[in-house]
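Listing of entry.txt, compact mmCIF, C-alpha atoms
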# COMPACT_ATOMS: atom_id res chain seq x y z
CA MET A 1 97.74 56.47 12.52
CA THR A 2 97.25 55.09 16.01
CA LEU A 3 93.75 55.43 17.40
CA LEU A 4 94.44 53.84 20.78
CA ARG A 5 97.73 53.23 22.51
CA PHE A 6 98.47 51.72 25.95
CA GLU A 7 102.05 52.12 27.15
CA GLN A 8 103.13 50.09 30.17
CA VAL A 9 99.69 50.46 31.72
CA THR A 10 99.02 49.05 35.16
CA LEU A 11 95.51 48.98 36.56
CA ARG A 12 94.78 48.33 40.21
CA ARG A 13 91.28 48.18 41.59
CA GLY A 14 90.22 47.53 45.15
CA GLY A 15 93.80 46.66 46.10
CA ARG A 16 94.04 44.01 43.37
CA THR A 17 96.29 44.34 40.33
CA LEU A 18 94.23 43.50 37.27
CA PHE A 19 97.07 43.84 34.78
CA GLU A 20 100.58 45.21 34.81
CA GLY A 21 102.80 46.75 32.15
CA LEU A 22 100.23 46.26 29.40
CA ASP A 23 101.18 47.53 25.94
CA LEU A 24 98.78 47.63 23.06
CA ALA A 25 98.18 49.76 20.00
CA LEU A 26 95.27 49.92 17.60
CA GLY A 27 95.73 51.59 14.25
CA ALA A 28 93.28 52.42 11.49
CA GLY A 29 91.52 49.29 10.22
CA GLU A 30 92.62 47.16 13.17
CA CYS A 31 90.55 45.27 15.68
CA LEU A 32 91.40 43.52 18.91
CA ARG A 33 89.48 41.24 21.26
CA VAL A 34 90.22 41.31 24.97
CA SER A 35 89.62 37.89 26.40
CA GLY A 36 89.89 36.29 29.81
CA PRO A 37 87.82 34.66 32.54
CA ASN A 38 85.22 36.51 34.61
CA GLY A 39 86.82 39.13 36.83
CA SER A 40 90.04 39.32 34.85
CA GLY A 41 89.56 43.02 34.10
CA LYS A 42 88.10 43.03 30.58
CA SER A 43 85.47 45.64 31.35
CA SER A 44 87.94 47.68 33.38
CA LEU A 45 90.30 47.69 30.42
CA ILE A 46 87.49 49.01 28.20
CA ARG A 47 86.60 51.71 30.76
CA LEU A 48 90.27 52.60 31.05
CA ALA A 49 90.51 52.90 27.27
CA ALA A 50 87.43 55.14 27.34
CA GLY A 51 89.00 57.42 29.96
CA LEU A 52 86.40 56.54 32.59
CA LEU A 53 89.06 54.97 34.81
CA ARG A 54 92.57 56.19 35.53
CA ALA A 55 95.62 53.98 35.09
CA GLU A 56 97.77 53.44 38.17
CA THR A 57 100.88 53.89 36.03
CA GLY A 58 101.51 54.19 32.32
CA GLN A 59 100.09 56.23 29.48
CA VAL A 60 96.87 55.87 27.52
CA GLU A 61 96.39 57.84 24.31
CA ARG A 62 93.02 57.74 22.61
CA SER A 63 91.27 59.34 19.70
CA ARG A 64 87.60 60.26 19.61
CA LEU A 65 85.67 57.17 20.61
CA ALA A 66 82.24 55.68 21.21
CA LEU A 67 81.44 53.15 23.91
CA ALA A 68 78.77 50.44 24.14
CA ASP A 69 78.72 48.65 27.48
CA ASP A 70 75.91 47.09 29.49
CA HIS A 71 74.59 50.52 30.54
CA VAL A 72 71.57 51.55 28.52
CA ALA A 73 72.04 55.34 28.77
CA LEU A 74 68.78 55.95 26.91
CA ASP A 75 65.80 57.80 28.40
CA ARG A 76 63.34 55.01 29.03
CA GLU A 77 60.18 57.07 28.64
CA LEU A 78 61.15 58.40 25.19
CA PRO A 79 60.58 56.75 21.81
CA LEU A 80 63.75 55.05 20.62
CA ARG A 81 64.49 57.55 17.85
CA ARG A 82 64.29 60.53 20.24
CA ALA A 83 66.28 58.71 22.94
CA LEU A 84 69.05 58.00 20.44
CA GLY A 85 68.65 61.55 19.08
CA PHE A 86 69.85 62.93 22.42
CA TRP A 87 73.25 61.42 21.63
CA GLY A 88 73.28 62.79 18.11
CA GLY A 89 71.05 60.15 16.53
CA ALA A 90 71.91 56.85 14.93
CA GLY A 91 70.36 57.49 11.48
CA ASP A 92 71.25 54.68 9.05
CA ALA A 93 72.70 52.63 11.90
CA MET A 94 69.19 51.92 13.20
CA ALA A 95 68.37 50.18 9.91
CA ALA A 96 71.76 48.44 9.92
CA PHE A 97 70.93 46.87 13.28
CA GLY A 98 67.35 46.05 12.31
CA ILE A 99 65.63 48.38 14.76
CA ALA A 100 64.34 51.07 12.36
CA HIS A 101 60.78 49.76 12.81
CA LEU A 102 61.08 50.38 16.58
CA ALA A 103 61.78 54.11 16.17
CA ASP A 104 58.49 55.17 17.75
CA VAL A 105 58.42 52.58 20.54
CA PRO A 106 59.32 53.84 24.03
CA VAL A 107 62.66 52.48 25.22
CA ARG A 108 61.11 50.98 28.37
CA LEU A 109 59.05 48.58 26.22
CA LEU A 110 62.06 47.20 24.31
CA SER A 111 63.58 43.82 25.09
CA SER A 112 67.15 43.58 26.34
CA GLY A 113 68.29 42.35 22.93
CA GLN A 114 66.61 45.29 21.21
CA ILE A 115 68.20 47.70 23.68
CA LYS A 116 71.59 46.12 23.05
CA ARG A 117 71.05 46.63 19.31
CA ALA A 118 70.19 50.27 20.05
CA THR A 119 73.38 50.89 22.07
CA LEU A 120 75.42 49.31 19.25
CA ALA A 121 73.55 51.49 16.72
CA ARG A 122 74.46 54.53 18.80
CA VAL A 123 78.13 53.59 18.52
CA ALA A 124 77.86 52.82 14.81
CA GLY A 125 76.08 56.12 14.16
CA SER A 126 78.44 58.20 16.27
CA GLY A 127 81.04 58.75 13.56
CA ALA A 128 83.81 58.13 16.11
CA PRO A 129 86.88 56.38 14.64
CA LEU A 130 87.39 54.16 17.71
CA TRP A 131 84.68 51.78 18.93
CA LEU A 132 84.87 50.27 22.40
CA LEU A 133 82.49 47.33 22.83
CA ASP A 134 82.07 45.60 26.18
CA GLU A 135 80.59 42.10 25.76
CA PRO A 136 78.92 43.10 22.47
CA LEU A 137 77.31 39.67 21.96
CA ASN A 138 75.40 39.72 25.26
CA ALA A 139 71.66 39.42 24.64
CA LEU A 140 72.11 39.43 20.85
CA ASP A 141 70.48 36.78 18.65
CA THR A 142 72.26 35.31 15.63
CA ASP A 143 70.71 37.87 13.27
CA ALA A 144 71.96 40.77 15.41
CA ALA A 145 75.40 39.19 15.82
CA GLU A 146 75.59 38.92 12.02
CA ARG A 147 74.58 42.58 11.64
CA LEU A 148 77.20 43.57 14.22
CA SER A 149 79.95 41.76 12.36
CA VAL A 150 78.88 43.46 9.09
CA ALA A 151 78.93 46.86 10.81
CA ILE A 152 82.36 46.18 12.31
CA GLY A 153 83.67 45.05 8.93
CA ARG A 154 82.45 48.24 7.29
CA HIS A 155 83.90 50.37 10.09
CA LEU A 156 87.31 48.71 9.79
CA SER A 157 87.32 49.08 6.00
CA LEU A 158 86.64 52.81 6.45
CA GLY A 159 89.75 53.17 8.60
CA GLY A 160 88.16 52.76 12.02
CA ALA A 161 89.35 50.59 14.89
CA VAL A 162 87.46 48.33 17.29
CA LEU A 163 88.44 47.15 20.75
CA ALA A 164 86.01 44.55 22.07
CA ALA A 165 85.95 42.74 25.40
CA SER A 166 84.34 39.35 25.16
CA HIS A 167 84.91 35.99 26.84
CA GLN A 168 83.47 34.24 23.78
CA PRO A 169 84.90 34.35 20.23
CA LEU A 170 83.51 37.05 17.97
CA PRO A 171 82.55 36.30 14.36
CA GLY A 172 85.44 37.01 12.02
CA ASP A 173 89.19 37.07 12.45
CA TRP A 174 90.20 38.83 15.66
CA PRO A 175 93.64 39.12 17.23
CA VAL A 176 93.25 38.34 20.93
CA VAL A 177 94.90 39.75 24.02
CA GLU A 178 94.41 37.43 26.98
CA LEU A 179 94.08 38.76 30.51
CA GLY A 180 94.85 36.46 33.43
CA ALA A 181 92.36 35.94 36.22
CA MET B 182 75.06 70.80 25.15
CA ILE B 183 74.30 72.38 28.54
CA GLY B 184 71.05 73.78 27.13
CA VAL B 185 70.08 70.34 25.81
CA LEU B 186 70.84 68.83 29.22
CA ILE B 187 68.73 71.43 31.03
CA LEU B 188 65.81 70.77 28.67
CA ARG B 189 66.18 67.02 29.16
CA ASP B 190 66.17 67.29 32.95
CA LEU B 191 63.23 69.69 32.85
CA ARG B 192 61.26 67.29 30.67
CA ARG B 193 62.08 64.44 33.03
CA GLY B 194 61.18 66.59 36.03
CA PHE B 195 57.81 67.63 34.67
CA THR B 196 56.80 64.26 33.19
CA GLY B 197 57.77 62.76 36.55
CA ALA B 198 56.43 64.03 39.81
CA ALA B 199 57.24 67.75 39.66
CA TRP B 200 54.16 68.53 41.72
CA LEU B 201 55.32 66.30 44.58
CA PRO B 202 57.65 68.76 46.38
CA VAL B 203 55.01 71.49 46.02
CA ALA B 204 52.26 69.24 47.34
CA PHE B 205 54.54 68.35 50.26
CA PHE B 206 55.26 72.05 50.85
CA LEU B 207 51.54 72.86 50.98
CA LEU B 208 50.88 69.87 53.21
CA VAL B 209 53.41 71.02 55.80
CA ALA B 210 51.94 74.51 55.68
CA THR B 211 48.50 72.98 56.24
CA LEU B 212 49.60 70.87 59.19
CA VAL B 213 51.02 73.78 61.19
CA PRO B 214 47.66 75.51 61.88
CA PHE B 215 46.31 72.15 63.05
CA ALA B 216 49.33 71.66 65.30
CA VAL B 217 49.51 75.12 66.94
CA GLY B 218 45.78 75.94 66.83
CA PRO B 219 43.84 78.62 64.92
CA ASP B 220 45.64 81.54 66.57
CA ALA B 221 45.96 84.03 63.70
CA PRO B 222 48.51 86.44 65.28
CA LEU B 223 50.76 83.52 66.32
CA LEU B 224 50.48 81.91 62.86
CA ALA B 225 51.26 85.22 61.19
CA ARG B 226 54.33 85.63 63.38
CA ILE B 227 55.76 82.17 62.67
CA GLY B 228 54.45 82.01 59.08
CA SER B 229 57.64 82.92 57.26
CA GLY B 230 59.69 80.46 59.34
CA VAL B 231 57.17 77.71 58.64
CA LEU B 232 57.34 78.39 54.92
CA TRP B 233 61.12 78.07 55.06
CA VAL B 234 61.08 74.78 56.92
CA ALA B 235 58.46 73.52 54.47
CA ALA B 236 60.57 74.65 51.50
CA LEU B 237 63.63 72.94 52.93
CA THR B 238 61.91 69.60 53.41
CA ALA B 239 60.22 69.88 50.02
CA ALA B 240 63.61 70.36 48.35
CA LEU B 241 64.76 67.08 49.90
CA LEU B 242 62.08 64.97 48.22
CA PRO B 243 63.41 64.67 44.66
CA ILE B 244 67.05 64.29 45.73
CA ASP B 245 67.37 60.59 44.85
CA ARG B 246 66.14 61.27 41.31
CA LEU B 247 68.66 64.03 40.56
CA ILE B 248 71.90 62.12 39.92
CA GLU B 249 71.52 58.44 40.76
CA PRO B 250 69.36 57.31 37.78
CA ASP B 251 71.81 58.89 35.33
CA ARG B 252 74.79 57.36 37.12
CA ALA B 253 73.29 53.89 37.23
CA ASP B 254 72.18 54.08 33.60
CA GLY B 255 75.60 55.17 32.30
CA VAL B 256 74.32 58.55 31.10
CA LEU B 257 77.02 60.37 33.09
CA ASP B 258 79.69 58.15 31.45
CA GLN B 259 78.36 58.81 27.95
CA LEU B 260 78.22 62.55 28.64
CA LEU B 261 81.91 62.52 29.54
CA LEU B 262 82.68 60.63 26.32
CA HIS B 263 80.75 63.33 24.46
CA GLY B 264 83.11 65.87 25.98
CA VAL B 265 80.79 67.35 28.61
CA ALA B 266 82.66 67.97 31.86
CA GLU B 267 81.12 66.70 35.09
CA GLU B 268 80.92 70.28 36.36
CA SER B 269 78.85 71.30 33.34
CA VAL B 270 76.52 68.35 33.92
CA ALA B 271 76.12 69.39 37.56
CA PHE B 272 75.51 73.02 36.61
CA ALA B 273 72.81 71.96 34.12
CA LYS B 274 71.21 69.84 36.83
CA VAL B 275 71.19 72.74 39.31
CA VAL B 276 69.47 75.01 36.78
CA ALA B 277 66.94 72.34 35.78
CA HIS B 278 66.24 71.35 39.38
CA TRP B 279 65.61 74.95 40.39
CA LEU B 280 63.36 75.58 37.39
CA SER B 281 61.32 72.48 38.20
CA PHE B 282 60.64 73.33 41.85
CA GLY B 283 61.59 76.98 42.59
CA PRO B 284 58.94 78.88 40.59
CA LEU B 285 56.21 76.39 41.56
CA LEU B 286 57.17 76.75 45.20
CA ILE B 287 57.01 80.54 44.99
CA VAL B 288 53.50 80.31 43.53
CA ALA B 289 52.45 77.73 46.14
CA ALA B 290 53.70 80.03 48.90
CA ILE B 291 50.83 82.40 48.05
CA ALA B 292 48.32 79.68 48.93
CA ALA B 293 50.31 78.65 51.96
CA SER B 294 50.46 82.21 53.28
CA ALA B 295 46.66 82.29 53.39
CA LEU B 296 46.64 79.13 55.52
CA LEU B 297 49.11 80.79 57.89
CA ALA B 298 47.21 84.09 58.11
CA MET B 299 50.19 86.06 56.82
CA ASP B 300 49.56 89.61 55.61
CA GLY B 301 50.54 90.88 52.17
CA GLN B 302 53.68 92.61 53.33
CA SER B 303 55.22 89.63 55.09
CA LEU B 304 54.19 87.40 52.17
CA ALA B 305 56.02 89.73 49.77
CA ARG B 306 59.14 89.67 51.96
CA THR B 307 59.05 85.87 52.22
CA GLU B 308 58.50 85.49 48.47
CA LEU B 309 61.56 87.65 47.78
CA ALA B 310 63.63 85.65 50.26
CA LEU B 311 62.44 82.38 48.71
CA ALA B 312 63.30 83.64 45.23
CA ILE B 313 66.81 84.47 46.44
CA GLY B 314 67.30 81.37 48.57
CA THR B 315 65.83 78.55 46.49
CA PRO B 316 68.63 78.57 43.85
CA GLY B 317 71.09 77.94 46.70
CA LEU B 318 68.81 75.19 47.99
CA ALA B 319 68.64 73.58 44.52
CA ALA B 320 72.44 73.74 44.19
CA LEU B 321 72.88 72.16 47.61
CA ALA B 322 70.41 69.40 46.70
CA VAL B 323 72.36 68.55 43.53
CA ALA B 324 75.69 68.51 45.38
CA VAL B 325 74.30 66.24 48.11
CA ALA B 326 72.62 64.02 45.50
CA ALA B 327 75.96 63.60 43.74
CA LEU B 328 77.77 62.84 47.00
CA THR B 329 75.28 60.15 47.98
CA ALA B 330 74.61 58.67 44.52
CA GLY B 331 74.97 54.90 44.53
CA LEU B 332 75.16 54.56 48.31
CA PRO B 333 72.75 52.32 50.18
CA ARG B 334 70.00 54.31 51.96
CA ALA B 335 71.13 57.39 50.03
CA GLY B 336 67.82 59.14 50.72
CA SER B 337 68.13 59.32 54.50
CA LEU B 338 71.83 60.07 54.27
CA ALA B 339 71.08 62.94 51.89
CA GLY B 340 68.70 64.45 54.45
CA LEU B 341 71.32 64.25 57.19
CA LEU B 342 73.84 65.95 54.92
CA LEU B 343 71.63 68.60 53.39
CA LEU B 344 69.67 69.94 56.34
CA PRO B 345 72.65 71.14 58.45
CA LEU B 346 74.25 72.71 55.39
CA ALA B 347 70.99 74.53 54.66
CA VAL B 348 70.87 76.15 58.12
CA PRO B 349 72.50 79.45 56.99
CA LEU B 350 69.94 79.75 54.18
CA LEU B 351 67.18 79.09 56.69
CA ILE B 352 68.45 81.60 59.26
CA PHE B 353 69.01 84.46 56.84
CA GLY B 354 65.89 83.64 54.84
CA ALA B 355 63.53 83.48 57.79
CA ALA B 356 65.12 86.58 59.36
CA ASN B 357 64.78 88.38 56.03
CA ALA B 358 68.47 89.32 56.03
CA LEU B 359 68.41 89.47 52.26
CA PRO B 360 72.01 90.54 51.48
CA LEU B 361 73.37 87.70 53.66
CA GLU B 362 70.80 85.32 52.22
CA ALA B 363 71.91 86.30 48.72
CA ALA B 364 75.57 85.84 49.65
CA VAL B 365 74.99 82.31 51.00
CA SER B 366 72.82 81.38 48.05
CA LEU B 367 75.43 82.69 45.60
CA LEU B 368 78.21 80.80 47.37
CA LEU B 369 76.23 77.55 47.25
CA THR B 370 75.20 78.03 43.63
CA ALA B 371 78.74 78.81 42.56
CA GLY B 372 80.38 76.05 44.59
CA ALA B 373 77.92 73.19 44.16
CA PRO B 374 78.75 72.34 40.52
CA PHE B 375 82.39 71.78 41.50
CA VAL B 376 81.52 69.66 44.53
CA ALA B 377 79.00 67.64 42.51
CA GLY B 378 81.43 67.31 39.60
CA ALA B 379 84.18 65.95 41.83
CA ALA B 380 81.69 63.58 43.48
CA ILE B 381 80.52 62.25 40.10
CA ARG B 382 84.14 61.61 39.09
CA ALA B 383 84.94 59.91 42.38
CA ALA B 384 81.88 57.67 42.14
CA ARG B 385 82.99 56.29 38.78
CA THR B 386 84.14 52.71 39.13

Output the file's structure in the form of structure tokens.
Amino acid sequence: MTLLRFEQVTLRRGGRTLFEGLDLALGAGECLRVSGPNGSGKSSLIRLAAGLLRAETGQVERSRLALADDHVALDRELPLRRALGFWGGAGDAMAAFGIAHLADVPVRLLSSGQIKRATLARVAGSGAPLWLLDEPLNALDTDAAERLSVAIGRHLSLGGAVLAASHQPLPGDWPVVELGA
Amino acid sequence: MIGVLILRDLRRGFTGAAWLPVAFFLLVATLVPFAVGPDAPLLARIGSGVLWVAALTAALLPIDRLIEPDRADGVLDQLLLHGVAEESVAFAKVVAHWLSFGPLLIVAAIAASALLAMDGQSLARTELALAIGTPGLAALAVAVAALTAGLPRAGSLAGLLLLPLAVPLLIFGAANALPLEAAVSLLLTAGAPFVAGAAIRAART
């Protein structure tokens, strides 16, 4: 079963062609890392996969998905548990990312690393088969990076798929698609 | 989901500065007697018009908090991924925005009418017109907030956009032409979610 498929996708932004005729497919249990220098269109590819951007030409098919990018999208004045609860809650995922003890702390008091853990926990707790992660290692310490790779491993073994954009290698064995600058 | 969104925006409105537009409204109503002098018959005659101008400017105040924080924070993106259409988001924001300033404004108008020496009958007429017109005003504010979200100096631009578009509401409201007022308000309320929805989509980069 294919969870994400790009067919001959071209993306142009601000008059610049970021990529042309891109094909990729992610099936159950598969992961893929999008790599490339700054400005090569990694984040745009993630947003395109999420349906937040439109392709100039080509087809994108996607299943139900969850996205973690550098936007917090949590109400800053609420305690973390309630802020995550607005999006359906993260439940066990909060413990998996080591933020269960922060459940009653207002989001505005959390550090950027803790907030990053929370956005990843939202994705992990969403139940969506396809995870889109934009620079998932940003602001994470080694402990959190380890927890992320465990969570990804479990997700893949349960038949999920992960598309991650990152200029640095991710822990584990990832096929890479390289975007030019 | 729309109900959840309305509750969320209401909570944010009331934990934030919900009293600010109302305080502004009362302040404008207080300034007018100082500006034109304590001439009760004159104040009574212009009272309903003053209340309308005050309501219009008060509705402008929270405009930069309606859409922009959610756009910048990625909330609008996540809502789309959760299958909520932009139009539904905008509709929820219109309802929540009206609930957070409309009823308070209608109550504050009672106090303001005393400052403007308005009699009971003209107060009742103005209150009815405000009740009919403020939903249109809230809808217009959300549409303008969506159109200007993310732009530099969005606040001043929003004022330039909103005030001319609110002129029909002002004319029919102050003249107490209630059927026309209701028609304009209905048109704005029905149309604004689509304008705001398209603006949210277009602003996505």

Next on the checklist: I'd like the neighbourhood of B:Leu296 as a ChimeraX atom specification, where a residue qualifies if any of its atoms comes within 9 Å (using all atoms listed in the file), though same-chain residues fewer than 5 positions away should be ignored.
Outcome noted: /B:210-211,213-214,224

Item to check | Interface list for chain B, partner chain A, 8 Å threshold, only C-alpha atoms, as a list in words | outcome: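 Within 8 Å of chain A on chain B, we get Asp251, Ala253, Asp254, Gly255, Val256, Asp258, Gln259, Leu262, Arg385 and Thr386 of chain B.
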
Item to check | Residue among B:Leu186, B:Val325, B:Leu241, B:Glu308 lying closest to B:Ala380, counting all atoms listed in the file | outcome: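 Under the stated criterion, the closest residue is B:Val325.
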
Checklist entry - When you draw a straight line from atom CA of A:Gly36 to atom CA of A:Gly160, how long is it in Å? => result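 Atom-to-atom, atom CA of A:Gly36 to atom CA of A:Gly160, that is 24.3 Å.
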
Checklist entry - Could you pull the residues within 9 Å of stretch 375-377 of chain B, counting only C-alpha atoms, minus those fewer than 3 positions along the same chain, as a list in words? => result Glu267, Glu268, Ser269, Val270, Ala271, Phe272, Val323, Ala324, Val325, Ala326, Ala327, Leu328, Ala371, Gly372, Ala380, Ile381 and Arg382 of chain B

Next on the checklist: Please list as JSON, numbers by chain every residue within 9 Å of A:Pro175, counting all atoms listed in the file and excluding residues in the same chain fewer than 4 positions away.
Outcome noted: {"A": [31, 32, 33, 34]}

Keeping only C-alpha atoms, write the selected residues to a file as a PDB file, keeping the file's coordinate frame.
ATOM      1  CA  CYS A  31      90.550  45.270  15.680  1.00  0.00           C
ATOM      2  CA  LEU A  32      91.400  43.520  18.910  1.00  0.00           C
ATOM      3  CA  ARG A  33      89.480  41.240  21.260  1.00  0.00           C
ATOM      4  CA  VAL A  34      90.220  41.310  24.970  1.00  0.00           C
TER       5      VAL A  34
END

Next on the checklist: Restricting the calculation to all atoms listed in the file: of A:Leu22, A:Ala145, A:Leu110, A:Leu11, which residue gets closest to A:Glu178?
Outcome noted: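 Among the listed residues, A:Leu22 lies closest to A:Glu178.
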
Next on the checklist: Using all atoms listed in the file, list the residues that have an atom at most 9 Å from (99.9, 48.1, 17.3), coordinates as in the file, as a PyMOL selection string.
Outcome noted: chain A and resi 2+4-5+23-27+30

Generate the output file for the selected residues, C-alpha atoms, as a short mmCIF file (atom, residue, chain, number, x, y, z; two decimals), keeping the file's coordinate frame.
data_model
loop_
_atom_site.label_atom_id
_atom_site.label_comp_id
_atom_site.auth_asym_id
_atom_site.auth_seq_id
_atom_site.Cartn_x
_atom_site.Cartn_y
_atom_site.Cartn_z
CA THR A 2 97.25 55.09 16.01
CA LEU A 4 94.44 53.84 20.78
CA ARG A 5 97.73 53.23 22.51
CA ASP A 23 101.18 47.53 25.94
CA LEU A 24 98.78 47.63 23.06
CA ALA A 25 98.18 49.76 20.00
CA LEU A 26 95.27 49.92 17.60
CA GLY A 27 95.73 51.59 14.25
CA GLU A 30 92.62 47.16 13.17
#

Next on the checklist: At a cut-off of 8 Å, using all atoms listed in the file, what residues contact B:Gly314? Leave out same-chain residues fewer than 4 positions from it and give the result as number ranges by chain.
Outcome noted: B: 310, 318, 350, 354, 362-363, 366

For stretch 191-200 of chain B, find every residue with an atom within 7 Å (counting all atoms listed in the file), except residues of its own chain fewer than 4 positions away, and show them as an mmCIF file with C-alpha atoms, in the coordinates of the input.
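Written file, out13.cif:
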data_model
loop_
_atom_site.group_PDB
_atom_site.id
_atom_site.type_symbol
_atom_site.label_atom_id
_atom_site.label_comp_id
_atom_site.auth_asym_id
_atom_site.auth_seq_id
_atom_site.Cartn_x
_atom_site.Cartn_y
_atom_site.Cartn_z
ATOM 1 C CA ILE B 187 68.730 71.430 31.030
ATOM 2 C CA ALA B 204 52.260 69.240 47.340
ATOM 3 C CA ALA B 277 66.940 72.340 35.780
ATOM 4 C CA SER B 281 61.320 72.480 38.200
ATOM 5 C CA PHE B 282 60.640 73.330 41.850
#

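The space between atom CA of A:Leu179 and atom CA of A:Leu3 spans 21.2 Å.
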
Next on the checklist: I need the residue nearest A:Ala55 from this list: A:Arg82, A:Ser40, A:Val9, A:Ser111. Use only C-alpha atoms for the distance.
Outcome noted: A:Val9
